[in-house]
file my_file04.cif (mmCIF, C-alpha atoms)
data_coords
#
loop_
_atom_site.label_atom_id
_atom_site.label_comp_id
_atom_site.auth_asym_id
_atom_site.auth_seq_id
_atom_site.Cartn_x
_atom_site.Cartn_y
_atom_site.Cartn_z
CA MET A 264 -1.35 -15.28 -13.98
CA ALA A 265 -3.09 -18.62 -13.61
CA THR A 266 -1.41 -20.37 -16.54
CA GLU A 267 2.23 -19.31 -15.99
CA SER A 268 4.98 -21.80 -16.92
CA LYS A 269 7.79 -22.73 -14.52
CA GLU A 270 10.35 -20.81 -16.62
CA SER A 271 8.11 -17.77 -16.66
CA ILE A 272 7.72 -17.82 -12.85
CA GLU A 273 11.50 -18.19 -12.39
CA HIS A 274 12.00 -15.20 -14.68
CA HIS A 275 9.45 -13.24 -12.59
CA ILE A 276 11.44 -14.01 -9.40
CA GLN A 277 14.51 -12.26 -10.86
CA THR A 278 12.32 -9.25 -11.66
CA TYR A 279 10.87 -9.19 -8.12
CA ILE A 280 14.36 -9.06 -6.62
CA ARG A 281 15.37 -6.18 -8.94
CA VAL A 282 12.18 -4.27 -8.08
CA PHE A 283 12.82 -4.88 -4.35
CA ILE A 284 16.33 -3.40 -4.65
CA ALA A 285 14.97 -0.43 -6.65
CA LEU A 286 12.30 0.23 -3.99
CA GLY A 287 14.92 0.17 -1.24
CA VAL A 288 17.22 2.56 -3.13
CA LEU A 289 14.32 4.92 -3.90
CA THR A 290 13.33 4.95 -0.20
CA VAL A 291 16.86 5.97 0.77
CA ILE A 292 16.82 8.68 -1.95
CA THR A 293 13.47 10.07 -0.66
CA VAL A 294 14.81 10.33 2.89
CA ALA A 295 18.14 11.82 1.75
CA VAL A 296 16.40 14.48 -0.37
CA SER A 297 14.23 15.49 2.60
CA TYR A 298 17.41 16.66 4.39
CA LEU A 299 18.40 18.94 1.48
CA ASN A 300 17.75 22.64 1.85
CA VAL A 301 15.09 23.05 -0.84
CA SER A 302 11.77 24.90 -0.94
CA PHE A 303 8.52 23.15 -0.03
CA ILE A 304 7.36 23.06 -3.66
CA GLU A 305 10.64 21.46 -4.78
CA ALA A 306 10.57 18.97 -1.88
CA PHE A 307 6.92 18.13 -2.63
CA PHE A 308 7.64 17.60 -6.34
CA ILE A 309 10.64 15.33 -5.65
CA ALA A 310 8.86 13.33 -2.91
CA MET A 311 5.74 12.77 -5.02
CA THR A 312 7.78 11.85 -8.12
CA VAL A 313 9.77 9.23 -6.19
CA ALA A 314 6.58 7.94 -4.47
CA THR A 315 4.86 7.67 -7.87
CA ILE A 316 7.80 5.71 -9.32
CA LYS A 317 7.77 3.39 -6.29
CA GLY A 318 4.00 2.99 -6.51
CA SER A 319 4.21 2.22 -10.23
CA LEU A 320 6.82 -0.48 -9.57
CA VAL A 321 4.60 -2.12 -6.93
CA LEU A 322 1.51 -1.88 -9.16
CA GLY A 323 3.27 -2.97 -12.33
CA TYR A 324 5.41 -5.84 -11.07
CA PHE A 325 4.21 -7.05 -7.65
CA MET A 326 0.53 -6.61 -8.57
CA HIS A 327 1.20 -7.75 -12.18
CA LEU A 328 -0.69 -4.81 -13.65
CA ILE A 329 1.58 -4.64 -16.73
CA THR A 330 0.41 -8.08 -17.83
CA GLU A 331 -3.15 -7.76 -16.54
CA ARG A 332 -6.40 -7.63 -18.54
CA GLN A 333 -7.70 -4.36 -19.93
CA MET A 334 -10.81 -4.52 -17.74
CA ILE A 335 -8.76 -4.04 -14.56
CA ILE A 336 -6.86 -1.13 -16.13
CA TRP A 337 -10.18 0.55 -16.99
CA ILE A 338 -11.56 0.00 -13.47
CA LEU A 339 -8.48 1.77 -12.09
CA VAL A 340 -8.57 4.57 -14.68
CA ALA A 341 -12.25 5.23 -13.83
CA THR A 342 -11.43 5.22 -10.10
CA VAL A 343 -8.47 7.59 -10.36
CA THR A 344 -10.36 9.95 -12.71
CA THR A 345 -13.32 10.10 -10.31
CA PHE A 346 -10.98 10.67 -7.39
CA ILE A 347 -9.19 13.55 -9.14
CA ILE A 348 -12.52 15.19 -10.03
CA LEU A 349 -13.78 14.85 -6.44
CA MET A 350 -10.50 16.13 -5.04
CA PHE A 351 -10.59 19.28 -7.13
CA ILE A 352 -14.24 20.14 -6.41
CA PRO A 353 -13.33 21.74 -3.03
CA LEU A 354 -10.84 23.96 -4.90
CA ILE A 355 -13.83 25.77 -6.40
CA SER A 356 -14.51 27.14 -2.90
CA LEU A 357 -11.15 28.95 -3.06
CA THR A 358 -12.53 31.12 -5.88
CA ASP A 359 -15.42 32.17 -3.63
CA GLN A 360 -13.47 33.55 -0.69
CA VAL A 361 -15.36 36.87 -0.48
CA THR A 362 -18.51 34.98 0.48
CA THR A 363 -16.50 32.63 2.69
CA TRP A 364 -14.84 35.31 4.79
CA ASN A 365 -17.86 37.63 5.07
CA MET B 239 -21.29 -25.64 -3.27
CA ASN B 240 -18.37 -24.47 -5.41
CA ILE B 241 -18.14 -20.80 -6.31
CA PRO B 242 -17.88 -20.58 -10.13
CA TYR B 243 -14.91 -19.05 -12.01
CA ILE B 244 -12.44 -19.05 -9.14
CA LEU B 245 -9.71 -20.81 -11.11
CA ASP B 246 -11.10 -20.51 -14.64
CA GLU B 247 -11.56 -17.14 -16.27
CA ARG B 248 -15.07 -16.00 -17.05
CA PRO B 249 -15.60 -15.79 -20.83
CA ASP B 250 -17.24 -12.35 -20.63
CA THR B 251 -14.73 -10.57 -18.35
CA GLY B 252 -11.63 -12.63 -19.16
CA LEU B 253 -10.95 -12.67 -15.41
CA THR B 254 -11.60 -14.96 -12.48
CA ASN B 255 -14.39 -13.76 -10.19
CA SER B 256 -11.98 -13.47 -7.27
CA LYS B 257 -9.57 -11.24 -9.20
CA LEU B 258 -12.31 -8.96 -10.50
CA GLY B 259 -13.74 -8.81 -6.98
CA ILE B 260 -10.47 -7.84 -5.28
CA TRP B 261 -9.73 -5.13 -7.88
CA ILE B 262 -13.18 -3.59 -7.42
CA PHE B 263 -12.61 -3.71 -3.66
CA LEU B 264 -9.19 -2.06 -4.11
CA ALA B 265 -10.83 0.62 -6.25
CA SER B 266 -13.14 1.39 -3.32
CA GLU B 267 -10.08 1.51 -1.07
CA VAL B 268 -8.48 4.06 -3.40
CA MET B 269 -11.54 6.25 -2.86
CA LEU B 270 -11.39 5.74 0.94
CA PHE B 271 -7.72 6.65 1.31
CA GLY B 272 -8.01 9.18 -1.52
CA GLY B 273 -10.67 11.06 0.41
CA LEU B 274 -8.38 11.26 3.42
CA PHE B 275 -5.37 12.29 1.31
CA SER B 276 -7.59 15.00 -0.13
CA ALA B 277 -8.52 16.06 3.42
CA TYR B 278 -4.81 16.28 4.26
CA VAL B 279 -4.15 18.55 1.27
CA PHE B 280 -7.00 20.94 2.09
CA LEU B 281 -6.22 20.99 5.82
CA ARG B 282 -2.61 21.83 4.96
CA ILE B 283 -3.69 24.62 2.58
CA ALA B 284 -5.94 26.09 5.29
CA ALA B 285 -3.47 25.66 8.20
CA PRO B 286 -1.56 28.63 9.64
CA GLU B 287 1.93 29.14 8.17
CA GLY B 288 4.43 26.62 9.61
CA ASP B 289 1.83 24.71 11.65
CA PHE B 290 2.20 21.42 9.74
CA ASP B 291 6.02 21.79 9.74
CA TYR B 292 6.05 22.31 13.53
CA TRP B 293 3.92 19.26 14.33
CA GLY B 294 5.40 17.14 11.53
CA ALA B 295 8.88 17.63 13.05
CA LYS B 296 7.67 15.73 16.13
CA LEU B 297 7.45 12.49 14.11
CA SER B 298 10.34 10.02 13.95
CA VAL B 299 11.75 9.78 10.41
CA PRO B 300 14.14 6.87 11.26
CA MET B 301 11.26 4.79 12.66
CA ALA B 302 9.10 5.52 9.60
CA THR B 303 12.00 4.77 7.23
CA PHE B 304 12.54 1.44 8.99
CA ASN B 305 8.83 0.69 8.66
CA THR B 306 8.91 1.58 4.95
CA LEU B 307 11.75 -0.87 4.36
CA VAL B 308 9.91 -3.50 6.43
CA LEU B 309 6.74 -3.13 4.34
CA ILE B 310 8.69 -3.26 1.07
CA THR B 311 10.37 -6.45 2.29
CA SER B 312 6.98 -7.90 3.21
CA SER B 313 5.69 -7.10 -0.28
CA VAL B 314 8.53 -8.97 -1.99
CA THR B 315 8.23 -11.97 0.37
CA MET B 316 4.48 -12.01 -0.31
CA VAL B 317 4.97 -12.23 -4.07
CA MET B 318 7.75 -14.83 -3.54
CA ALA B 319 5.31 -16.92 -1.46
CA TRP B 320 2.93 -16.91 -4.42
CA ALA B 321 5.74 -17.77 -6.87
CA SER B 322 6.85 -20.65 -4.61
CA LEU B 323 3.34 -22.08 -4.67
CA LYS B 324 3.27 -21.86 -8.47
CA LEU B 325 6.59 -23.75 -8.47
CA LYS B 326 5.02 -26.34 -6.10
CA ASP B 327 7.62 -25.58 -3.44
CA PHE B 328 5.44 -25.64 -0.32
CA GLU B 329 8.31 -25.31 2.19
CA LYS B 330 9.55 -22.10 0.61
CA TYR B 331 5.98 -20.81 0.47
CA LYS B 332 5.66 -21.34 4.23
CA ILE B 333 8.97 -19.55 4.87
CA TYR B 334 8.14 -16.56 2.67
CA LEU B 335 4.62 -16.21 4.06
CA GLY B 336 6.03 -16.53 7.59
CA VAL B 337 8.54 -13.74 6.90
CA THR B 338 5.70 -11.60 5.51
CA ILE B 339 3.76 -12.07 8.76
CA LEU B 340 6.85 -11.27 10.83
CA CYS B 341 7.42 -8.07 8.81
CA ALA B 342 3.80 -7.05 9.36
CA LEU B 343 4.15 -7.67 13.11
CA ALA B 344 7.43 -5.69 13.16
CA PHE B 345 5.61 -2.79 11.46
CA LEU B 346 2.88 -2.91 14.13
CA VAL B 347 5.42 -3.01 16.99
CA VAL B 348 7.25 0.05 15.62
CA LYS B 349 3.91 1.81 15.17
CA TYR B 350 3.00 0.96 18.78
CA PHE B 351 6.22 2.60 20.01
CA GLU B 352 5.57 5.61 17.77
CA TYR B 353 2.05 6.08 19.10
CA THR B 354 2.93 5.50 22.78
CA GLY B 355 5.91 7.87 22.40
CA LYS B 356 3.51 10.59 21.26
CA PHE B 357 1.06 9.87 24.09
CA HIS B 358 3.87 10.00 26.70
CA HIS B 359 4.70 13.49 25.44
CA GLY B 360 1.07 14.54 25.70
CA VAL B 361 0.53 14.53 21.94
CA TYR B 362 -2.90 13.22 20.93
CA PRO B 363 -5.10 13.42 17.81
CA ALA B 364 -6.82 16.46 19.33
CA SER B 365 -3.48 18.26 19.89
CA SER B 366 -3.46 19.82 16.41
CA THR B 367 -4.95 19.55 12.93
CA PHE B 368 -1.78 17.80 11.74
CA MET B 369 -1.91 15.23 14.52
CA GLY B 370 -5.63 14.71 13.84
CA ILE B 371 -5.05 13.77 10.20
CA TYR B 372 -1.80 11.91 11.07
CA PHE B 373 -3.55 9.59 13.54
CA THR B 374 -6.55 9.16 11.22
CA LEU B 375 -4.47 8.20 8.18
CA THR B 376 -1.94 6.01 9.98
CA GLY B 377 -4.62 4.49 12.25
CA LEU B 378 -6.70 3.45 9.26
CA HIS B 379 -3.57 2.05 7.63
CA VAL B 380 -2.72 0.09 10.80
CA LEU B 381 -6.24 -1.39 10.79
CA HIS B 382 -5.58 -2.57 7.23
CA ILE B 383 -2.30 -4.15 8.35
CA ILE B 384 -4.06 -5.95 11.23
CA GLY B 385 -6.74 -7.26 8.83
CA GLY B 386 -4.01 -8.40 6.42
CA VAL B 387 -2.07 -10.20 9.17
CA ALA B 388 -5.23 -12.08 10.18
CA VAL B 389 -5.71 -13.34 6.60
CA LEU B 390 -2.00 -14.17 6.17
CA ALA B 391 -1.96 -16.08 9.47
CA TYR B 392 -5.04 -18.01 8.34
CA PHE B 393 -3.24 -19.20 5.20
CA TRP B 394 -0.02 -19.90 7.12
CA SER B 395 -1.87 -22.04 9.68
CA PRO B 396 -2.61 -25.79 9.28
CA ILE B 397 -5.77 -24.72 7.39
CA GLY B 398 -3.47 -23.52 4.59
CA ASP B 399 -1.56 -26.84 4.67
CA LYS B 400 -4.86 -28.68 4.23
CA MET B 401 -5.86 -26.42 1.34
CA TYR B 402 -2.55 -27.15 -0.40
CA LYS B 403 -3.07 -30.90 -0.11
CA GLU B 404 -6.63 -30.62 -1.46
CA ASP B 405 -5.97 -28.18 -4.34
CA SER B 406 -2.62 -26.39 -4.64
CA GLU B 407 -3.79 -24.20 -7.57
CA LEU B 408 -6.76 -22.97 -5.53
CA LEU B 409 -4.43 -22.01 -2.66
CA ALA B 410 -2.10 -20.25 -5.14
CA SER B 411 -5.09 -18.28 -6.46
CA ARG B 412 -6.11 -17.27 -2.92
CA ILE B 413 -2.55 -16.23 -2.08
CA GLU B 414 -2.42 -14.14 -5.28
CA ILE B 415 -5.62 -12.35 -4.28
CA THR B 416 -4.38 -11.84 -0.69
CA GLY B 417 -1.12 -10.55 -2.15
CA LEU B 418 -2.95 -7.93 -4.23
CA TYR B 419 -4.50 -6.60 -1.02
CA TRP B 420 -1.15 -6.71 0.79
CA HIS B 421 0.67 -4.83 -1.99
CA PHE B 422 -2.07 -2.20 -1.91
CA VAL B 423 -1.43 -1.68 1.83
CA ASP B 424 2.26 -1.23 0.96
CA LEU B 425 1.30 1.17 -1.84
CA VAL B 426 -0.72 3.36 0.56
CA TRP B 427 2.26 3.57 2.93
CA ILE B 428 4.56 4.56 0.04
CA PHE B 429 2.49 7.77 -0.26
CA LEU B 430 1.76 8.23 3.47
CA PHE B 431 5.45 8.16 4.37
CA PRO B 432 6.60 11.26 2.43
CA ILE B 433 3.52 13.42 3.01
CA LEU B 434 3.40 12.85 6.79
CA TYR B 435 7.07 12.42 7.73
CA LEU B 436 9.16 14.16 5.09
CA LEU B 437 7.23 17.22 3.87
#

call {"tool": "encode", "arguments": {"input": "my_file04.cif", "output": "structure tokens"}}
result
Amino acid sequence: MATESKESIEHHIQTYIRVFIALGVLTVITVAVSYLNVSFIEAFFIAMTVATIKGSLVLGYFMHLITERQMIIWILVATVTTFIILMFIPLISLTDQVTTWN
Amino acid sequence: MNIPYILDERPDTGLTNSKLGIWIFLASEVMLFGGLFSAYVFLRIAAPEGDFDYWGAKLSVPMATFNTLVLITSSVTMVMAWASLKLKDFEKYKIYLGVTILCALAFLVVKYFEYTGKFHHGVYPASSTFMGIYFTLTGLHVLHIIGGVAVLAYFWSPIGDKMYKEDSELLASRIEITGLYWHFVDLVWIFLFPILYLL
């Protein structure tokens, strides 16, 4: 973003305001949905979907990831992939409950 | 001594050193918070039925919603501060950065009332598994906010004014890098809010 023109920056400002409004609306939606009488799985799915959309907006527009170099994208892809693998390793223990509980 | 490739992109990476550095740091932060999110998931799976719901109901959703909106506002003012610098509008930069700092302080004040409210009711990290992971996750996040405020205040102070006079593009680059960190702190809260307060 070092070589942005004045017009380009002014265009970005309009986008930032739209993203800000979207984030506010999505926050209200998340809270409103939490008061609905839905199952935990449904509530979890809705909350995580809205949080992911909000997170993507922050990453994409405020952190300029949509116009960023490929190298940064690959650093993040490697990080998230490693995290997912590490997160699911403990799940293997759930398949070994006989040993666990004895 | 000048640090190389702070304003100019390195030919091999296509990035400035500062930008590559902050993204690698943020990747390590993803692993740090990711590990704790993972702990939350497995603690919840292993907890007795209804335990997390019981303790989670003790948290204040209105306070957390307010804090979410405050952090989102701080994120947009942060990026506007950077845009103002790029447009060479130093006065607006100071206003936007000042509002960002005020939002961060408002977040910390609300968090203080949340924490002290729990302590007054005899609720501590050791009270339950939920409260243990709640205080760990939010406490670590608060530490990140405090660190961020210190950096933001540094750039808002007369030191920042001096930097602008010496090299406005260099200050804009530093604010962009600080902003990336600040947006990440906002991003973490975007996920903390639903899993701790709403589920």

call {"tool": "closest_residue", "arguments": {"input": "my_file04.cif", "among": "B:Tyr350, B:Phe368, B:Tyr334, B:Phe357", "to": "Met301 of chain B", "atoms": "only C-alpha atoms"}}
result
B:Tyr350

call {"tool": "residues_around", "arguments": {"input": "my_file04.cif", "residues": "Glu407 of chain B", "least_positions_apart": "6", "cutoff": "12 Å", "atoms": "only C-alpha atoms", "output": "CSV table (one decimal) with C-alpha atoms, keeping the file's coordinate frame"}}
result
chain,number,residue,atom,x,y,z
A,264,MET,CA,-1.4,-15.3,-14.0
A,265,ALA,CA,-3.1,-18.6,-13.6
A,266,THR,CA,-1.4,-20.4,-16.5
A,267,GLU,CA,2.2,-19.3,-16.0
B,244,ILE,CA,-12.4,-19.0,-9.1
B,245,LEU,CA,-9.7,-20.8,-11.1
B,246,ASP,CA,-11.1,-20.5,-14.6
B,320,TRP,CA,2.9,-16.9,-4.4
B,321,ALA,CA,5.7,-17.8,-6.9
B,322,SER,CA,6.8,-20.6,-4.6
B,323,LEU,CA,3.3,-22.1,-4.7
B,324,LYS,CA,3.3,-21.9,-8.5
B,325,LEU,CA,6.6,-23.8,-8.5
B,326,LYS,CA,5.0,-26.3,-6.1
B,328,PHE,CA,5.4,-25.6,-0.3
B,401,MET,CA,-5.9,-26.4,1.3
B,413,ILE,CA,-2.6,-16.2,-2.1
B,414,GLU,CA,-2.4,-14.1,-5.3

call {"tool": "resolve_selection", "arguments": {"input": "my_file04.cif", "expression": "the PyMOL selection byres ((chain A) within 7 of (chain B))", "output": "PyMOL selection string"}}
result
chain A and resi 269+272+276+279+283+287+297+306-307+310+314+318+321+325-326+335+339+342+346+350

call {"tool": "atom_distance", "arguments": {"input": "my_file04.cif", "atom1": "atom CA of Ser366 of chain B", "atom2": "atom CA of Asn305 of chain B"}}
result
24.0 Å

call {"tool": "residues_around", "arguments": {"input": "my_file04.cif", "residues": "Thr416 of chain B", "least_positions_apart": "5", "cutoff": "8 Å", "atoms": "only C-alpha atoms", "output": "PDB file with C-alpha atoms, in the frame of the given file"}}
result
ATOM      1  CA  GLY B 386      -4.010  -8.400   6.420  1.00  0.00           C
ATOM      2  CA  VAL B 389      -5.710 -13.340   6.600  1.00  0.00           C
ATOM      3  CA  LEU B 390      -2.000 -14.170   6.170  1.00  0.00           C
TER       4      LEU B 390
END

call {"tool": "closest_residue", "arguments": {"input": "my_file04.cif", "among": "B:Val423, B:Trp394, B:Pro363, B:Lys356", "to": "Ala319 of chain B", "atoms": "all atoms listed in the file"}}
result
B:Trp394

call {"tool": "closest_residue", "arguments": {"input": "my_file04.cif", "among": "B:His359, B:Lys332, B:Arg412, B:His382", "to": "Asp399 of chain B", "atoms": "all atoms listed in the file"}}
result
B:Lys332

call {"tool": "atom_distance", "arguments": {"input": "my_file04.cif", "atom1": "atom CA of Glu287 of chain B", "atom2": "atom CA of Phe351 of chain B"}}
result
29.4 Å

call {"tool": "atom_distance", "arguments": {"input": "my_file04.cif", "atom1": "atom CA of Phe303 of chain A", "atom2": "atom CA of Thr358 of chain A"}}
result
23.3 Å

call {"tool": "closest_residue", "arguments": {"input": "my_file04.cif", "among": "B:Leu343, B:Leu297, B:Leu281, B:Pro242", "to": "Gly385 of chain B", "atoms": "only C-alpha atoms"}}
result
B:Leu343

call {"tool": "resolve_selection", "arguments": {"input": "my_file04.cif", "expression": "the PyMOL selection byres ((chain B and resi 370) around 12)", "output": "JSON, numbers by chain"}}
result
{"B": [274, 277, 278, 281, 282, 290, 293, 294, 361, 362, 363, 364, 365, 366, 367, 368, 369, 371, 372, 373, 374, 375, 376, 377, 434]}

call {"tool": "closest_residue", "arguments": {"input": "my_file04.cif", "among": "A:Ile338, A:Asn300, A:Val282, A:Glu273", "to": "Lys317 of chain A", "atoms": "all atoms listed in the file"}}
result
A:Val282

call {"tool": "residues_near_point", "arguments": {"input": "my_file04.cif", "point": "(-0.3, -21.5, 9.5)", "cutoff": "12 Å", "atoms": "only C-alpha atoms", "output": "list of chain:residue names"}}
result
B:Glu329, B:Tyr331, B:Lys332, B:Ile333, B:Tyr334, B:Leu335, B:Gly336, B:Ile339, B:Val387, B:Ala388, B:Val389, B:Leu390, B:Ala391, B:Tyr392, B:Phe393, B:Trp394, B:Ser395, B:Pro396, B:Ile397, B:Gly398, B:Asp399, B:Lys400, B:Met401, B:Tyr402

call {"tool": "closest_residue", "arguments": {"input": "my_file04.cif", "among": "A:Thr293, A:Tyr298, A:Leu328, A:Ile280", "to": "Val313 of chain A", "atoms": "all atoms listed in the file"}}
result
A:Thr293

call {"tool": "decode", "arguments": {"input": "my_file04.cif", "residues": "segment 262-309 of chain B", "atoms": "C-alpha atoms", "output": "mmCIF file, in the first residue's frame"}}
result
data_model
loop_
_atom_site.group_PDB
_atom_site.id
_atom_site.type_symbol
_atom_site.label_atom_id
_atom_site.label_comp_id
_atom_site.auth_asym_id
_atom_site.auth_seq_id
_atom_site.Cartn_x
_atom_site.Cartn_y
_atom_site.Cartn_z
ATOM 1 C CA ILE B 262 5.124 -13.413 10.652
ATOM 2 C CA PHE B 263 4.540 -12.069 14.174
ATOM 3 C CA LEU B 264 0.764 -12.163 13.602
ATOM 4 C CA ALA B 265 1.100 -15.755 12.370
ATOM 5 C CA SER B 266 2.723 -16.622 15.707
ATOM 6 C CA GLU B 267 -0.138 -14.833 17.453
ATOM 7 C CA VAL B 268 -2.635 -16.977 15.537
ATOM 8 C CA MET B 269 -0.902 -20.036 16.995
ATOM 9 C CA LEU B 270 -0.931 -18.525 20.519
ATOM 10 C CA PHE B 271 -4.633 -17.660 20.547
ATOM 11 C CA GLY B 272 -5.414 -20.714 18.413
ATOM 12 C CA GLY B 273 -3.944 -22.969 21.083
ATOM 13 C CA LEU B 274 -6.180 -21.374 23.698
ATOM 14 C CA PHE B 275 -9.260 -21.542 21.445
ATOM 15 C CA SER B 276 -8.436 -25.211 20.989
ATOM 16 C CA ALA B 277 -8.199 -25.593 24.788
ATOM 17 C CA TYR B 278 -11.639 -23.980 25.099
ATOM 18 C CA VAL B 279 -13.148 -26.464 22.618
ATOM 19 C CA PHE B 280 -11.700 -29.524 24.359
ATOM 20 C CA LEU B 281 -12.545 -28.246 27.852
ATOM 21 C CA ARG B 282 -16.115 -27.666 26.681
ATOM 22 C CA ILE B 283 -16.324 -31.174 25.167
ATOM 23 C CA ALA B 284 -15.064 -32.687 28.435
ATOM 24 C CA ALA B 285 -17.167 -30.496 30.774
ATOM 25 C CA PRO B 286 -20.256 -31.876 32.550
ATOM 26 C CA GLU B 287 -23.554 -31.225 30.730
ATOM 27 C CA GLY B 288 -24.707 -27.604 31.191
ATOM 28 C CA ASP B 289 -21.591 -26.513 33.120
ATOM 29 C CA PHE B 290 -20.384 -24.012 30.491
ATOM 30 C CA ASP B 291 -23.968 -22.708 30.011
ATOM 31 C CA TYR B 292 -24.356 -22.151 33.781
ATOM 32 C CA TRP B 293 -21.105 -20.201 34.185
ATOM 33 C CA GLY B 294 -21.385 -18.472 30.799
ATOM 34 C CA ALA B 295 -24.767 -17.027 31.857
ATOM 35 C CA LYS B 296 -22.940 -15.070 34.587
ATOM 36 C CA LEU B 297 -21.226 -12.894 31.953
ATOM 37 C CA SER B 298 -22.693 -9.568 30.826
ATOM 38 C CA VAL B 299 -23.735 -9.703 27.150
ATOM 39 C CA PRO B 300 -24.595 -5.941 26.978
ATOM 40 C CA MET B 301 -21.136 -4.994 28.285
ATOM 41 C CA ALA B 302 -19.422 -7.350 25.812
ATOM 42 C CA THR B 303 -21.606 -6.093 22.935
ATOM 43 C CA PHE B 304 -20.652 -2.521 23.815
ATOM 44 C CA ASN B 305 -16.992 -3.531 23.871
ATOM 45 C CA THR B 306 -17.338 -5.250 20.487
ATOM 46 C CA LEU B 307 -18.759 -2.074 18.954
ATOM 47 C CA VAL B 308 -16.010 -0.029 20.638
ATOM 48 C CA LEU B 309 -13.271 -2.248 19.170
#
